[in-house]
Amino acid sequence: MEDFHASASFDLQGADLRALRKARGLTLTGLADRVGRSVGWLSQVERDLSSATLNDLSALAQVLDVSASSLLAVGGNICEAGMIVRADARRPIGNRNPGLSEALLSPDLTDDFEVIHSRFAPGSSLDGPISRPTQEIGYVVAGRFDLWIDDTLFRLNPGDSFRLRGDLFRWSNPYPETCEIIWVISPPVY
């Protein structure tokens with residue numbers, strides 16, 4: 001296991017940091033103030049001209065309500081950056097719910113949408129209903145999935161798809177197999 005130090009430097013996805021900041025309705029000044037750094041430093045990080053420490057990474061992730069790993073740059077072929085996402089180089093995102101793992105399929109968060117691959121472990125569920133200011137399409141790739149939209153239960157199977165438009169929803173995978181769903185979400189929220 002690697003030993004990380006608070007002063008170690010990490011390469012963030014600057015453009016994604018900017019997109020998340022804007023999606024949260026934060027100005028450069030607002031985010032800089034909340035993480036205790038200068039506007040100039042944050043501007044340089046967003047333009048990939050400066051690096052962040054582990055403490056910075058943790059503070060940014062907390063304010064933006066994302067996992068720290070979702071802000072990190074992933075290694076890969078430099079000429080593929082922004083266009084290709086290799087299966088072994090996907091950025092993990094999410095991780096707020098036990099039994100749910102998610103990876104970013106989009107090259108970054110700079111488009112008007114993001115594409116997410118979600119895996120729901122058997123027995124996993126969302127504790128309470130949520131609503132997001134987004135439009136979302138989900139496609140069930142494998143497994144089965146229970147989805148409540150505004151208190152109406154839908155039992156989904158492979159090949160089924162669904163749409164959410166800021167609706168109140170919750171989910172559950174009470175089945176013995178892992179469920180995999182591909183999501184298209186606009187605007188990006190991770």
# chains A, B, ... in the order shown; residues from 1 in each chain; ligands from 1
call {"tool": "select_by_dssp", "arguments": {"residues": "chain A", "states": "strand (DSSP E or B)", "output": "ChimeraX atom specification"}}
result
/A:9-10,12,52-53,72,91-93,100-104,114-120,125,130,135-142,145-149,152-156,161-165,169-172,179-186
call {"tool": "closest_residue", "arguments": {"among": "A:Ser186, A:Thr27, A:Ser125, A:Asn97", "to": "A:Leu109", "atoms": "only C-alpha atoms"}}
result
A:Ser186
call {"tool": "atom_distance", "arguments": {"atom1": "atom CA of A:Phe120", "atom2": "atom CA of A:Val141"}}
result
11.5 Å
call {"tool": "residues_around", "arguments": {"residues": "A:Asp112", "least_positions_apart": "5", "cutoff": "12 Å", "atoms": "only C-alpha atoms", "output": "PyMOL selection string"}}
result
chain A and resi 16+19-20+22-23+106+134-136+184-189
call {"tool": "atom_distance", "arguments": {"atom1": "atom CA of A:Asp146", "atom2": "atom CA of A:Ala87"}}
result
27.2 Å
call {"tool": "atom_distance", "arguments": {"atom1": "atom CA of A:Ser124", "atom2": "atom CA of A:Ile137"}}
result
20.4 Å
call {"tool": "residues_around", "arguments": {"residues": "A:Ile116", "least_positions_apart": "5", "cutoff": "7 Å", "atoms": "only C-alpha atoms", "output": "VMD selection string"}}
result
chain A and resid 102 to 105 182 to 184
call {"tool": "write_last_selection", "arguments": {"atoms": "N, CA and C atoms", "output": "PDB file, in the first residue's frame"}}
result
ATOM      1  N   GLU A 102     -19.130   3.071  -9.291  1.00  0.00           N
ATOM      2  CA  GLU A 102     -19.378   3.756 -10.545  1.00  0.00           C
ATOM      3  C   GLU A 102     -18.067   4.202 -11.173  1.00  0.00           C
ATOM      4  N   ALA A 103     -18.060   4.235 -12.506  1.00  0.00           N
ATOM      5  CA  ALA A 103     -16.889   4.685 -13.248  1.00  0.00           C
ATOM      6  C   ALA A 103     -17.345   5.616 -14.363  1.00  0.00           C
ATOM      7  N   LEU A 104     -16.531   6.614 -14.629  1.00  0.00           N
ATOM      8  CA  LEU A 104     -16.815   7.574 -15.691  1.00  0.00           C
ATOM      9  C   LEU A 104     -16.427   6.981 -17.036  1.00  0.00           C
ATOM     10  N   LEU A 105     -17.385   6.856 -17.943  1.00  0.00           N
ATOM     11  CA  LEU A 105     -17.115   6.378 -19.292  1.00  0.00           C
ATOM     12  C   LEU A 105     -16.745   7.529 -20.229  1.00  0.00           C
ATOM     13  N   ILE A 182     -25.878   1.654 -17.541  1.00  0.00           N
ATOM     14  CA  ILE A 182     -25.182   2.764 -18.194  1.00  0.00           C
ATOM     15  C   ILE A 182     -26.107   3.974 -18.115  1.00  0.00           C
ATOM     16  N   TRP A 183     -25.573   5.083 -17.588  1.00  0.00           N
ATOM     17  CA  TRP A 183     -26.344   6.318 -17.422  1.00  0.00           C
ATOM     18  C   TRP A 183     -25.782   7.412 -18.326  1.00  0.00           C
ATOM     19  N   VAL A 184     -26.667   8.217 -18.875  1.00  0.00           N
ATOM     20  CA  VAL A 184     -26.293   9.478 -19.521  1.00  0.00           C
ATOM     21  C   VAL A 184     -26.968  10.560 -18.699  1.00  0.00           C
TER      22      VAL A 184
END
call {"tool": "closest_residue", "arguments": {"among": "A:Pro107, A:Gly99, A:Gly36, A:Pro133", "to": "A:Asn55", "atoms": "only C-alpha atoms"}}
result
A:Gly36
call {"tool": "select_by_dssp", "arguments": {"residues": "chain A", "states": "alpha helix (DSSP H)", "output": "MDAnalysis selection string"}}
result
chainID A and resid 14:23 28:35 39:46 54:64
call {"tool": "residues_around", "arguments": {"residues": "stretch 148-164 of chain A", "least_positions_apart": "3", "cutoff": "8 Å", "atoms": "only C-alpha atoms", "output": "list in words"}}
result
Thr134, Gln135, Glu136, Ile137, Gly138, Tyr139, Val140, Val141, Ala142, Gly143, Arg144, Phe145, Asp167, Leu168, Phe169, Arg170 and Trp171 of chain A
call {"tool": "residues_around", "arguments": {"residues": "stretch 60-72 of chain A", "least_positions_apart": "4", "cutoff": "12 Å", "atoms": "only C-alpha atoms", "output": "ChimeraX atom specification"}}
result
/A:9-26,28,30-37,42,45-46,48,51-56,89-97,101-105,107-109,116,188-190
